[in-house]
Structures are given as C-alpha cells and as structure tokens.
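Participant: Here you go, this is entry.tsv (TSV, C-alpha atoms and all ligand atoms).
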chain	number	residue	atom	x	y	z
A	1	MET	CA	33.16	36.87	53.54
A	2	THR	CA	31.62	37.99	56.81
A	3	SER	CA	31.77	41.09	58.92
A	4	THR	CA	34.64	39.55	60.79
A	5	ASP	CA	36.74	39.41	57.70
A	6	SER	CA	38.96	42.19	58.93
A	7	ASN	CA	40.32	39.87	61.56
A	8	THR	CA	43.98	40.07	61.18
A	9	SER	CA	45.29	36.54	61.26
A	10	CYS	CA	47.46	35.52	58.38
A	11	GLN	CA	45.23	32.67	57.32
A	12	HIS	CA	42.51	35.07	56.20
A	13	MET	CA	44.70	36.94	53.80
A	14	SER	CA	45.15	36.88	50.10
A	15	ILE	CA	48.33	35.53	48.57
A	16	MET	CA	49.68	39.06	48.36
A	17	ASP	CA	48.87	39.74	51.98
A	18	VAL	CA	50.30	36.43	53.14
A	19	SER	CA	53.56	37.41	51.50
A	20	LYS	CA	53.55	40.67	53.42
A	21	CYS	CA	52.58	38.89	56.60
A	22	THR	CA	55.43	36.42	56.21
A	23	THR	CA	57.88	39.26	55.73
A	24	THR	CA	56.74	40.98	58.89
A	25	THR	CA	56.70	37.82	60.95
A	26	THR	CA	60.23	37.05	59.80
A	27	ALA	CA	61.32	40.53	60.84
A	28	MET	CA	59.69	40.11	64.23
A	29	LEU	CA	61.31	36.73	64.81
A	30	ARG	CA	64.64	38.28	63.87
A	31	THR	CA	63.97	41.05	66.39
A	32	ILE	CA	63.25	38.72	69.29
A	33	SER	CA	65.80	36.04	68.39
A	34	VAL	CA	68.75	38.11	69.65
A	35	PRO	CA	67.47	38.48	73.23
A	36	ILE	CA	66.31	34.84	73.23
A	37	VAL	CA	69.76	33.59	72.24
A	38	PHE	CA	71.32	36.02	74.71
A	39	GLY	CA	69.01	34.78	77.48
A	40	LEU	CA	69.77	31.11	76.77
A	41	LEU	CA	73.50	31.74	76.71
A	42	PHE	CA	73.22	33.66	79.96
A	43	SER	CA	71.30	30.77	81.53
A	44	CYS	CA	73.96	28.27	80.45
A	45	ILE	CA	76.72	30.44	81.87
A	46	GLN	CA	74.82	30.57	85.16
A	47	GLY	CA	74.39	26.79	85.01
A	48	ASN	CA	70.73	26.85	86.02
A	49	GLY	CA	69.13	25.94	82.72
A	50	TYR	CA	65.58	26.99	81.97
A	51	THR	CA	62.73	25.65	84.08
A	52	PRO	CA	59.43	27.24	83.14
A	53	GLY	CA	57.33	28.27	86.09
A	54	SER	CA	60.07	28.18	88.70
A	55	LEU	CA	61.15	31.76	89.09
A	56	GLU	CA	62.91	30.99	92.36
A	57	SER	CA	65.57	29.09	90.43
A	58	PHE	CA	66.51	32.21	88.46
A	59	SER	CA	68.92	34.89	89.44
A	60	PRO	CA	67.67	38.50	89.52
A	61	LEU	CA	69.46	39.15	86.25
A	62	GLN	CA	67.77	36.17	84.61
A	63	ILE	CA	64.37	37.30	85.89
A	64	THR	CA	65.07	40.70	84.39
A	65	GLY	CA	65.93	39.00	81.11
A	66	LEU	CA	62.72	36.97	81.18
A	67	ALA	CA	60.74	40.14	81.88
A	68	VAL	CA	62.28	41.69	78.78
A	69	LEU	CA	61.39	38.59	76.77
A	70	HIS	CA	57.83	38.67	78.13
A	71	SER	CA	57.57	42.32	77.17
A	72	LEU	CA	58.77	41.56	73.67
A	73	LYS	CA	56.30	38.70	73.41
A	74	SER	CA	53.45	40.98	74.47
A	75	GLU	CA	54.54	43.56	71.96
A	76	LEU	CA	54.62	40.89	69.27
A	77	GLN	CA	51.11	39.76	70.17
A	78	ASP	CA	49.90	43.35	70.13
A	79	ARG	CA	51.41	43.87	66.73
A	80	ILE	CA	49.78	40.73	65.39
A	81	GLN	CA	46.44	42.31	66.29
A	82	VAL	CA	47.19	44.96	63.68
A	83	PRO	CA	46.35	43.90	60.14
A	84	GLU	CA	49.63	42.65	58.76
A	85	ALA	CA	48.72	43.71	55.28
A	86	LEU	CA	48.08	47.23	56.52
A	87	GLU	CA	51.36	47.39	58.37
A	88	ASN	CA	53.27	46.43	55.30
A	89	THR	CA	51.23	47.83	52.50
A	90	PRO	CA	53.57	50.15	50.68
A	91	THR	CA	52.44	53.73	50.49
A	92	THR	CA	52.17	53.47	46.78
A	93	GLU	CA	51.33	56.84	45.37
A	94	ILE	CA	49.33	57.12	42.23
A	95	SER	CA	51.72	58.32	39.59
A	96	GLU	CA	52.12	62.00	38.95
A	97	LYS	CA	50.89	61.42	35.44
A	98	THR	CA	47.64	59.99	36.73
A	99	LEU	CA	47.30	62.61	39.42
A	100	ASN	CA	47.69	65.37	36.90
A	101	ASP	CA	45.66	63.71	34.21
A	102	ASP	CA	42.60	65.85	34.59
A	103	HIS	CA	39.47	65.25	32.67
A	104	SER	CA	40.38	66.78	29.34
A	105	ASN	CA	37.10	68.51	28.73
A	106	LEU	CA	36.80	70.06	32.16
A	107	THR	CA	38.37	72.96	33.93
A	108	THR	CA	39.05	72.88	37.62
A	109	VAL	CA	37.09	75.84	38.89
A	110	HIS	CA	38.20	77.89	41.84
A	111	ILE	CA	34.79	79.19	42.74
A	112	GLN	CA	35.87	81.31	45.66
A	113	THR	CA	39.22	82.21	47.13
A	114	SER	CA	38.00	81.14	50.56
A	115	ILE	CA	37.18	77.71	49.26
A	116	THR	CA	40.64	77.10	47.89
A	117	SER	CA	42.58	78.66	50.74
A	118	GLU	CA	42.63	75.67	53.08
A	119	LEU	CA	45.50	73.40	52.03
A	120	ASN	CA	45.22	75.01	48.63
A	121	ARG	CA	42.69	72.46	47.46
A	122	PRO	CA	40.24	73.38	44.73
A	123	ALA	CA	36.54	72.83	45.35
A	124	PHE	CA	36.65	69.83	43.03
A	125	LYS	CA	38.91	67.99	40.63
A	126	PHE	CA	38.31	65.24	38.10
A	127	PHE	CA	40.72	62.37	37.42
A	128	SER	CA	40.79	60.06	34.43
A	129	ASN	CA	41.56	56.38	34.82
A	130	ILE	CA	42.34	56.69	38.51
A	131	LEU	CA	41.03	53.16	39.07
A	132	LYS	CA	43.07	50.78	36.94
A	133	HIS	CA	41.44	48.36	34.52
A	134	GLU	CA	42.63	45.25	36.38
A	135	ASP	CA	41.38	46.60	39.72
A	136	ARG	CA	38.01	47.43	38.19
A	137	GLY	CA	37.84	43.85	36.92
A	138	VAL	CA	38.38	42.39	40.39
A	139	ILE	CA	35.77	44.69	41.94
A	140	LYS	CA	33.27	43.97	39.17
A	141	ASN	CA	33.72	40.23	39.66
A	142	TYR	CA	33.02	40.64	43.35
A	143	VAL	CA	29.93	42.77	42.74
A	144	HIS	CA	28.52	40.43	40.09
A	145	ASN	CA	29.35	37.15	41.84
A	146	ASN	CA	28.75	38.00	45.50
A	147	GLY	CA	26.29	40.88	45.46
A	148	LEU	CA	26.55	43.97	47.60
A	149	GLY	CA	23.39	43.50	49.61
A	150	SER	CA	20.14	45.34	49.31
A	151	ASP	CA	19.77	49.06	49.88
A	152	PRO	CA	16.23	49.53	51.18
A	153	SER	CA	16.48	53.30	50.76
A	154	SER	CA	16.30	52.80	47.00
A	155	LEU	CA	12.68	51.63	47.06
A	156	HIS	CA	11.62	54.96	45.64
A	157	PHE	CA	14.24	55.29	42.93
A	158	ILE	CA	16.38	52.98	40.78
A	159	GLU	CA	17.08	49.71	42.58
A	160	ARG	CA	20.43	49.87	44.33
A	161	GLU	CA	22.74	47.44	46.09
A	162	LYS	CA	25.25	48.69	48.61
A	163	SER	CA	28.05	47.54	50.87
A	164	ILE	CA	29.90	49.84	53.24
A	165	ARG	CA	32.99	49.95	55.40
A	166	PHE	CA	34.19	52.51	57.88
A	167	ILE	CA	37.95	52.84	57.94
A	168	ARG	CA	40.26	54.83	60.19
A	169	VAL	CA	43.45	56.60	59.13
A	170	GLU	CA	46.46	55.25	61.03
A	171	ASN	CA	50.11	55.87	60.19
A	172	THR	CA	48.99	57.37	56.87
A	173	GLU	CA	47.41	53.99	56.07
A	174	PHE	CA	43.97	52.82	57.09
A	175	ILE	CA	42.35	50.16	59.22
A	176	PRO	CA	38.91	48.66	58.42
A	177	LEU	CA	36.34	48.97	61.20
A	178	GLU	CA	33.34	46.78	61.99
A	179	ARG	CA	30.33	49.12	62.19
A	180	ASP	CA	27.79	47.94	59.63
A	181	TYR	CA	25.36	50.83	59.67
A	182	PHE	CA	25.19	54.56	59.40
A	183	ILE	CA	22.70	57.29	60.10
A	184	GLN	CA	22.82	60.25	57.77
A	185	PRO	CA	21.45	63.36	59.45
A	186	ALA	CA	18.14	64.49	57.96
A	187	ASN	CA	19.70	67.96	57.82
A	188	TYR	CA	21.50	66.82	54.67
A	189	ASN	CA	19.13	64.16	53.39
A	190	ASP	CA	15.48	64.89	53.99
A	191	PHE	CA	14.56	61.84	51.91
A	192	SER	CA	16.56	58.96	53.43
A	193	GLY	CA	18.36	60.60	56.36
A	194	GLY	CA	17.49	60.39	60.03
A	195	TYR	CA	17.31	56.63	60.52
A	196	LYS	CA	19.75	53.76	60.91
A	197	ARG	CA	20.60	51.96	57.69
A	198	HIS	CA	22.35	48.58	57.94
A	199	TYR	CA	24.51	47.24	55.13
A	200	LYS	CA	26.78	44.37	54.24
A	201	LEU	CA	30.45	45.11	54.89
A	202	ILE	CA	32.99	45.51	52.11
A	203	PRO	CA	35.55	42.73	52.65
A	204	SER	CA	38.99	43.77	53.81
A	205	ASP	CA	40.69	42.07	50.88
A	206	LEU	CA	38.80	44.34	48.50
A	207	LEU	CA	39.73	47.42	50.52
A	208	LEU	CA	43.37	46.41	50.73
A	209	GLY	CA	43.50	45.05	47.19
A	210	PRO	CA	41.80	46.62	44.19
A	211	MET	CA	40.30	49.53	46.16
A	212	TYR	CA	43.51	50.39	47.97
A	213	SER	CA	44.93	52.88	45.49
A	214	VAL	CA	41.83	55.08	45.27
A	215	ILE	CA	41.29	55.02	49.05
A	216	SER	CA	44.93	55.96	49.53
A	217	HIS	CA	44.53	58.72	46.96
A	218	PHE	CA	41.52	60.08	48.84
A	219	ILE	CA	43.45	60.12	52.13
A	220	HIS	CA	46.52	61.77	50.68
A	221	TYR	CA	44.74	64.19	48.39
A	222	HIS	CA	42.70	65.64	51.25
A	223	HIS	CA	45.60	65.39	53.73
A	224	LEU	CA	43.34	63.53	56.13
A	225	PRO	CA	44.86	63.51	59.62
A	226	GLU	CA	45.48	60.50	61.84
A	227	ASN	CA	42.38	58.90	63.38
A	228	THR	CA	40.03	60.36	60.78
A	229	THR	CA	37.11	58.04	60.14
A	230	ILE	CA	36.08	57.59	56.53
A	231	LEU	CA	32.95	55.95	55.17
A	232	VAL	CA	33.68	53.88	52.06
A	233	GLN	CA	30.65	52.72	50.06
A	234	LEU	CA	30.52	50.37	47.12
A	235	GLN	CA	27.16	50.71	45.44
A	236	SER	CA	25.56	49.50	42.28
A	237	SER	CA	22.46	50.92	40.61
A	238	ILE	CA	20.64	48.25	38.66
A	239	ILE	CA	19.21	49.85	35.55
A	240	ARG	CA	16.52	48.05	33.58
A	241	ALA	CA	15.25	48.87	30.12
A	242	ASN	CA	11.65	48.34	31.12
A	243	SER	CA	11.82	50.39	34.32
A	244	THR	CA	9.78	53.53	34.82
A	245	LYS	CA	12.28	54.81	37.41
A	246	GLY	CA	15.26	56.87	36.28
A	247	ASP	CA	16.27	58.67	39.49
A	248	VAL	CA	19.64	57.39	40.69
A	249	THR	CA	19.82	58.96	44.17
A	250	GLY	CA	16.37	60.20	45.13
A	251	GLN	CA	17.96	63.39	46.43
A	252	GLY	CA	18.32	65.93	43.61
A	253	ILE	CA	21.09	68.48	44.15
A	254	HIS	CA	22.54	67.81	47.58
A	255	THR	CA	25.47	67.58	49.96
A	256	ASP	CA	26.25	64.35	51.78
A	257	GLY	CA	27.13	66.18	55.02
A	258	ALA	CA	30.85	65.45	55.11
A	259	ASP	CA	33.85	67.75	54.64
A	260	ASP	CA	35.40	65.91	51.72
A	261	ALA	CA	34.17	63.34	49.24
A	262	MET	CA	35.27	61.29	46.27
A	263	LEU	CA	33.36	59.29	43.66
A	264	VAL	CA	35.00	56.67	41.44
A	265	CYS	CA	33.19	54.79	38.68
A	266	VAL	CA	33.83	51.05	38.54
A	267	GLU	CA	31.50	50.19	35.66
A	268	ARG	CA	28.68	51.64	33.58
A	269	ASP	CA	28.41	49.48	30.46
A	270	ASP	CA	25.38	50.44	28.30
A	271	VAL	CA	24.24	53.10	30.77
A	272	ILE	CA	22.70	56.19	29.22
A	273	GLY	CA	22.66	59.37	31.32
A	274	ALA	CA	23.70	59.24	34.98
A	275	GLU	CA	25.83	62.32	34.42
A	276	ASN	CA	27.49	64.03	37.34
A	277	GLU	CA	27.09	67.72	38.03
A	278	LEU	CA	28.58	69.98	40.67
A	279	HIS	CA	26.84	73.11	41.87
A	280	ALA	CA	27.59	76.11	44.05
A	281	ALA	CA	23.91	76.58	44.98
A	282	LEU	CA	21.34	74.11	46.28
A	283	ASP	CA	18.70	75.43	43.88
A	284	GLY	CA	20.85	74.68	40.83
A	285	SER	CA	21.24	78.33	39.90
A	286	GLN	CA	25.06	78.19	39.96
A	287	PRO	CA	26.33	75.12	38.08
A	288	LEU	CA	30.07	74.59	38.34
A	289	THR	CA	30.36	71.91	35.65
A	290	LYS	CA	28.47	70.80	32.63
A	291	PRO	CA	26.87	67.35	33.02
A	292	THR	CA	29.81	64.95	32.94
A	293	VAL	CA	29.91	61.20	32.57
A	294	LEU	CA	32.31	59.51	34.95
A	295	GLU	CA	33.45	56.72	32.69
A	296	ALA	CA	34.68	53.47	34.20
A	297	GLY	CA	37.92	54.27	36.03
A	298	ASP	CA	37.26	58.02	36.30
A	299	GLY	CA	36.85	59.81	39.60
A	300	VAL	CA	36.10	63.19	41.10
A	301	VAL	CA	37.09	64.65	44.45
A	302	PHE	CA	35.14	67.54	45.90
A	303	ARG	CA	34.67	69.61	49.02
A	304	ASP	CA	31.33	68.30	50.24
A	305	ASN	CA	30.97	71.13	52.75
A	306	GLN	CA	31.56	73.79	50.09
A	307	ILE	CA	29.65	72.66	47.01
A	308	PHE	CA	26.73	70.43	46.01
A	309	HIS	CA	26.49	67.46	43.68
A	310	TYR	CA	23.87	65.82	41.51
A	311	VAL	CA	23.49	62.88	39.16
A	312	SER	CA	20.99	62.91	36.32
A	313	ASP	CA	18.56	60.10	35.54
A	314	ALA	CA	19.82	56.84	34.07
A	315	LYS	CA	18.39	54.45	31.52
A	316	THR	CA	19.58	51.67	29.24
A	317	ASN	CA	18.73	49.95	25.98
A	318	VAL	CA	19.85	46.53	27.15
A	319	PRO	CA	17.57	44.44	29.40
A	320	VAL	CA	19.57	45.16	32.55
A	321	THR	CA	22.93	46.64	33.46
A	322	ARG	CA	24.77	48.19	36.36
A	323	ARG	CA	26.39	51.47	37.27
A	324	THR	CA	28.79	50.70	40.11
A	325	LEU	CA	30.63	53.37	42.08
A	326	ILE	CA	32.99	53.71	45.00
A	327	LEU	CA	32.04	56.60	47.30
A	328	MET	CA	34.22	57.98	50.06
A	329	HIS	CA	33.29	60.59	52.67
A	330	SER	CA	35.36	62.15	55.42
A	331	PRO	CA	35.05	62.63	58.27
A	332	GLU	CA	32.11	60.31	58.73
A	333	GLU	CA	31.28	58.47	61.95
A	334	GLY	CA	27.84	57.39	60.77
A	335	ASN	CA	26.27	58.27	64.12
A	336	GLY	CA	23.74	60.76	62.79
A	337	LYS	CA	25.38	63.82	64.32
A	338	VAL	CA	25.38	66.99	62.27
A	339	ASN	CA	28.81	67.97	60.96
A	340	PRO	CA	29.57	71.42	62.43
A	341	ARG	CA	31.67	72.19	59.34
A	342	ASN	CA	28.87	71.44	56.88
A	343	ASN	CA	25.99	73.90	57.05
A	344	GLN	CA	24.83	73.42	53.49
A	345	GLY	CA	21.40	72.08	54.34
A	346	THR	CA	19.03	70.05	52.18
A	347	ARG	CA	16.04	70.50	49.95
A	348	LYS	CA	12.72	69.38	51.35
A	349	ALA	CA	11.68	65.91	50.19
A	350	SER	CA	8.12	64.89	49.44
A	351	ILE	CA	8.83	61.41	50.87
A	352	ARG	CA	10.68	60.99	54.16
A	353	LEU	CA	11.74	57.42	54.72
A	354	ARG	CA	12.47	58.03	58.42
A	355	LYS	CA	8.72	58.58	58.90
A	356	GLN	CA	8.03	55.11	57.51
A	357	GLN	CA	10.32	53.16	59.88
B	1	FE	FE	25.46	62.24	47.41
Will you turn the file into structure tokens for me?
Facilitator:
Amino acid sequence: MTSTDSNTSCQHMSIMDVSKCTTTTTAMLRTISVPIVFGLLFSCIQGNGYTPGSLESFSPLQITGLAVLHSLKSELQDRIQVPEALENTPTTEISEKTLNDDHSNLTTVHIQTSITSELNRPAFKFFSNILKHEDRGVIKNYVHNNGLGSDPSSLHFIEREKSIRFIRVENTEFIPLERDYFIQPANYNDFSGGYKRHYKLIPSDLLLGPMYSVISHFIHYHHLPENTTILVQLQSSIIRANSTKGDVTGQGIHTDGADDAMLVCVERDDVIGAENELHAALDGSQPLTKPTVLEAGDGVVFRDNQIFHYVSDAKTNVPVTRRTLILMHSPEEGNGKVNPRNNQGTRKASIRLRKQQ
C-alpha cells in the first residue's frame, strides 16, 4: 500500500470498512431522496419537466429547489472526502476490565501531586493485554510480510525497521495524514534528533483495523482535544544472536519531547532483556519502576513531559527475532520545533547523526 492509501474512496477499503461505507452511503441517499422526489413532483405539477442546463425554463421556486439539491450534492461530495470508515467507526471503548487490569506486579506511582493534578492522570500506568491477540496477529503478518521500511537512525544500535503515520483527532476519532517524515528536536535527542527522517507510512487499514483500539485508548485516556496531531510509529528491532549490538534505542534514559506517550508491544518472541524503565531523573538516580518486560499485548502510558523512559539492551538465543512496538506521541507535528511544555532536556550523545547528514 502506498502513501496515498488514506484516500477515502470505498474501493480502497477492507471488507469491514466497505460495510460501513455502504451504510453511510445508504443513509446519505435516503437523506437526499426526499428533496429529489419533492423536486420532481413539483416539476410535474408545474408541467415544465426537467431540462438540465436550461434555467430559464424553471420557475423561481424550482430554481430555489435546484439550488437546495445542488447544496446537498456538494455536501455529499464533501462528506465523501472524509474517510467513510472513520465517520462510522464506532467509538468502541476498551472494556473497563481491560482498562483497570493493571500490570499485577507494578504499582502506579504518583510521583508528585503536581504531576497528577492535571486531569487527574498519574505519571504512568501499565495495561495488560490491551492489544488483543487477533489484532497482534494481523499486525505481525503485516510487519513480517510487507516490512516496515528501514530506519537509518539505527545504524549505531540494533537494526530497526519503522513506519510512521501522523493522525489528527477529529470528532473524538482520528484521520490519517500524509506527512512521511519527522524532525525530532535535538533538545530531546542529541543522538538522532535535529534532522529530517523519512519513513514508510503505516497503511490506513492497519490504523483503522487492528491498531484502532489502542490508538483510541491513547486519545481517550489522555483526553486529547480536537485537532491534536499524534505521531503513531510501528517499529521493529531485529535482534540477532550473533550481533555485538544490544542497544535498542541509542538514547539511554530520555524523553521523546511530547506531552503524552504510549508504548504497546506487538511481539517479542525469544527476546531476552529489552525491559522498560521509567525514571523521574535524567541521570537515573530516581527510578520509578523496576525493569519491566512489556509482553506481547501489554502497554504503558506515560507523561512524556514529566518523566523519562529507558529500555535495556536486548539479545536472543535464536538466530534472529523481532521486538515490534506501537509508539504514540502527542502532540507531535514532526516539524522539529521544541515543545514549550517539555523542558526535560537530553543527555549529551557521543555520536550526533545530524552532523553526518
Ligand atoms: Fe523514546
């Protein structure tokens, strides 16, 4: 699928989406059919019939009726520009059981009152099995069969593939956007920030299909307002038994420069290590969690402008395997501008990829 896959015509949709599209189209036809029938009846009563292109033959009332029809047609066309699947995707909430099913061996830590005051959100929260088994299967198939595209920033750590998609919150749902690059400010990433990084786009049918529930959870959990832009990343670290590299991110303890973030594990068969940690201090002096494995299906939300995160080195005993994650950050325009609400800074890196461009 190409970067134009978010085009909204029905023929590009999955079976599920086509069903939704058909429902909407039927509703629209029902909406416009009443004035059409009314207009035709009115024309018959007037005895003029309908002659396209000859406005002179219409009475003022008929012209008014046609103007209404034209307006409805324009509105219909405008609406067809909106992804049908988005318009009709039910706002399925993840069940209360899942939402409250915290990681059993972890405690949600309220590190400071000020951190939890806004919208009463804790600085972080873990969720078990937030990405369902069947959805993970569909995403894994896509990753393994199509590939995510190379991530050149991983030259200096474990090989990584990555696809991205910016989305915008609209009507509590979201719309995929077309920008295929981002610039992370060097203020937050001294290693690979400060230059434009292009990536393959995540197809819309993945976003609106198996990834929909976790994206929706991210939007609703953080109460993200209308028009917020979110960066969704699907990335896969390729871990080889014979590799000398174990670093998964190349960044150490860091912030990503957003306000809010969420990580969800899609797969990590035979991966050893790659444990997630959250910290209150950039130097690692104030750990908030013990090293925690995000098993396949597990996720964690955190306040990226309040705390720091880290992932430990990864290795494997099988020839090669993958650790695939969904990452979400908000707000994120990808334009390289510093987020005025994130002043957490970065550690100095010995290698700065922006100097090598
Ligand atoms: Fe990060």
Participant: Kindly give the distance, in Å, that separates CA of Val301 in chain A and CA of Ser154 in chain A, rounded to a single decimal.
Facilitator: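 That distance, rounded to one decimal, is 24.1 Å.
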Participant: Looking at A:Asp304, A:Glu178, A:Asp313, A:Glu267, which one is nearest to ligand FE 1 (chain B), with distances taken over all atoms listed in the file?
Facilitator: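 Once distances to ligand FE 1 (chain B) are computed over all atoms listed in the file, the minimum belongs to A:Asp304.
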Participant: Which residue out of A:Glu333, A:Asp283, A:Asp180, A:Glu277 has the minimum interatomic distance to ligand FE 1 (chain B) when all atoms listed in the file are used?
Facilitator: A:Glu277
Participant: Please give me, as an mmCIF file with C-alpha atoms, in the coordinates of the input, the residues lying within 12 Å of ligand FE 1 (chain B) when counting all atoms listed in the file.
Facilitator:
data_model
loop_
_atom_site.group_PDB
_atom_site.id
_atom_site.type_symbol
_atom_site.label_atom_id
_atom_site.label_comp_id
_atom_site.auth_asym_id
_atom_site.auth_seq_id
_atom_site.Cartn_x
_atom_site.Cartn_y
_atom_site.Cartn_z
ATOM 1 C CA GLN A 184 22.820 60.250 57.770
ATOM 2 C CA TYR A 188 21.500 66.820 54.670
ATOM 3 C CA ASN A 189 19.130 64.160 53.390
ATOM 4 C CA PHE A 191 14.560 61.840 51.910
ATOM 5 C CA SER A 192 16.560 58.960 53.430
ATOM 6 C CA GLY A 193 18.360 60.600 56.360
ATOM 7 C CA GLN A 233 30.650 52.720 50.060
ATOM 8 C CA GLN A 235 27.160 50.710 45.440
ATOM 9 C CA VAL A 248 19.640 57.390 40.690
ATOM 10 C CA THR A 249 19.820 58.960 44.170
ATOM 11 C CA GLY A 250 16.370 60.200 45.130
ATOM 12 C CA GLN A 251 17.960 63.390 46.430
ATOM 13 C CA GLY A 252 18.320 65.930 43.610
ATOM 14 C CA ILE A 253 21.090 68.480 44.150
ATOM 15 C CA HIS A 254 22.540 67.810 47.580
ATOM 16 C CA THR A 255 25.470 67.580 49.960
ATOM 17 C CA ASP A 256 26.250 64.350 51.780
ATOM 18 C CA GLY A 257 27.130 66.180 55.020
ATOM 19 C CA ALA A 258 30.850 65.450 55.110
ATOM 20 C CA ASP A 260 35.400 65.910 51.720
ATOM 21 C CA ALA A 261 34.170 63.340 49.240
ATOM 22 C CA MET A 262 35.270 61.290 46.270
ATOM 23 C CA LEU A 263 33.360 59.290 43.660
ATOM 24 C CA ASN A 276 27.490 64.030 37.340
ATOM 25 C CA GLU A 277 27.090 67.720 38.030
ATOM 26 C CA LEU A 278 28.580 69.980 40.670
ATOM 27 C CA PHE A 302 35.140 67.540 45.900
ATOM 28 C CA ARG A 303 34.670 69.610 49.020
ATOM 29 C CA ASP A 304 31.330 68.300 50.240
ATOM 30 C CA ASN A 305 30.970 71.130 52.750
ATOM 31 C CA ILE A 307 29.650 72.660 47.010
ATOM 32 C CA PHE A 308 26.730 70.430 46.010
ATOM 33 C CA HIS A 309 26.490 67.460 43.680
ATOM 34 C CA TYR A 310 23.870 65.820 41.510
ATOM 35 C CA VAL A 311 23.490 62.880 39.160
ATOM 36 C CA SER A 312 20.990 62.910 36.320
ATOM 37 C CA LEU A 325 30.630 53.370 42.080
ATOM 38 C CA ILE A 326 32.990 53.710 45.000
ATOM 39 C CA LEU A 327 32.040 56.600 47.300
ATOM 40 C CA MET A 328 34.220 57.980 50.060
ATOM 41 C CA HIS A 329 33.290 60.590 52.670
ATOM 42 C CA THR A 346 19.030 70.050 52.180
#
Participant: Give me, as a PyMOL selection string, all polymer residues having an atom no more than 10 Å from Asn335 in chain A, counting all atoms listed in the file and skipping those fewer than 3 positions away in the same chain.
Facilitator: chain A and resi 181-185+194-196+332+338
Participant: For CA of Arg121 in chain A and CA of His220 in chain A, quote the distance in Å rounded to one decimal.
Facilitator: 11.8 Å
Participant: Report, in Å with one decimal, the straight-line distance from CA of Glu295 in chain A to CA of Ile167 in chain A.
Facilitator: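 Taking CA of Glu295 in chain A as the start and CA of Ile167 in chain A as the end point, the length is 25.9 Å.
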Participant: Using all atoms listed in the file, find the one residue out of A:Asp259, A:Asp151, A:Ser237, A:Ile215 that sits nearest to Pro340 in chain A.
Facilitator: A:Asp259
Participant: Looking at all atoms listed in the file, which of A:His217, A:Arg240, A:Arg165, A:Lys337 is the one that sits closest to Ser204 in chain A?
Facilitator: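 Result for the nearest residue to Ser204 in chain A: A:Arg165.
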Participant: Using all atoms listed in the file, find the one residue out of A:Val271, A:Val300, A:Ala280, A:Met211 that sits nearest to Ile238 in chain A.
Facilitator: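 Among the listed residues, the smallest separation from Ile238 in chain A belongs to A:Val271.
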Participant: Which is closer to Val214 in chain A than all the others in A:Ala274, A:Cys265, A:Leu131, A:Leu177, using only C-alpha atoms?
Facilitator: A:Leu131
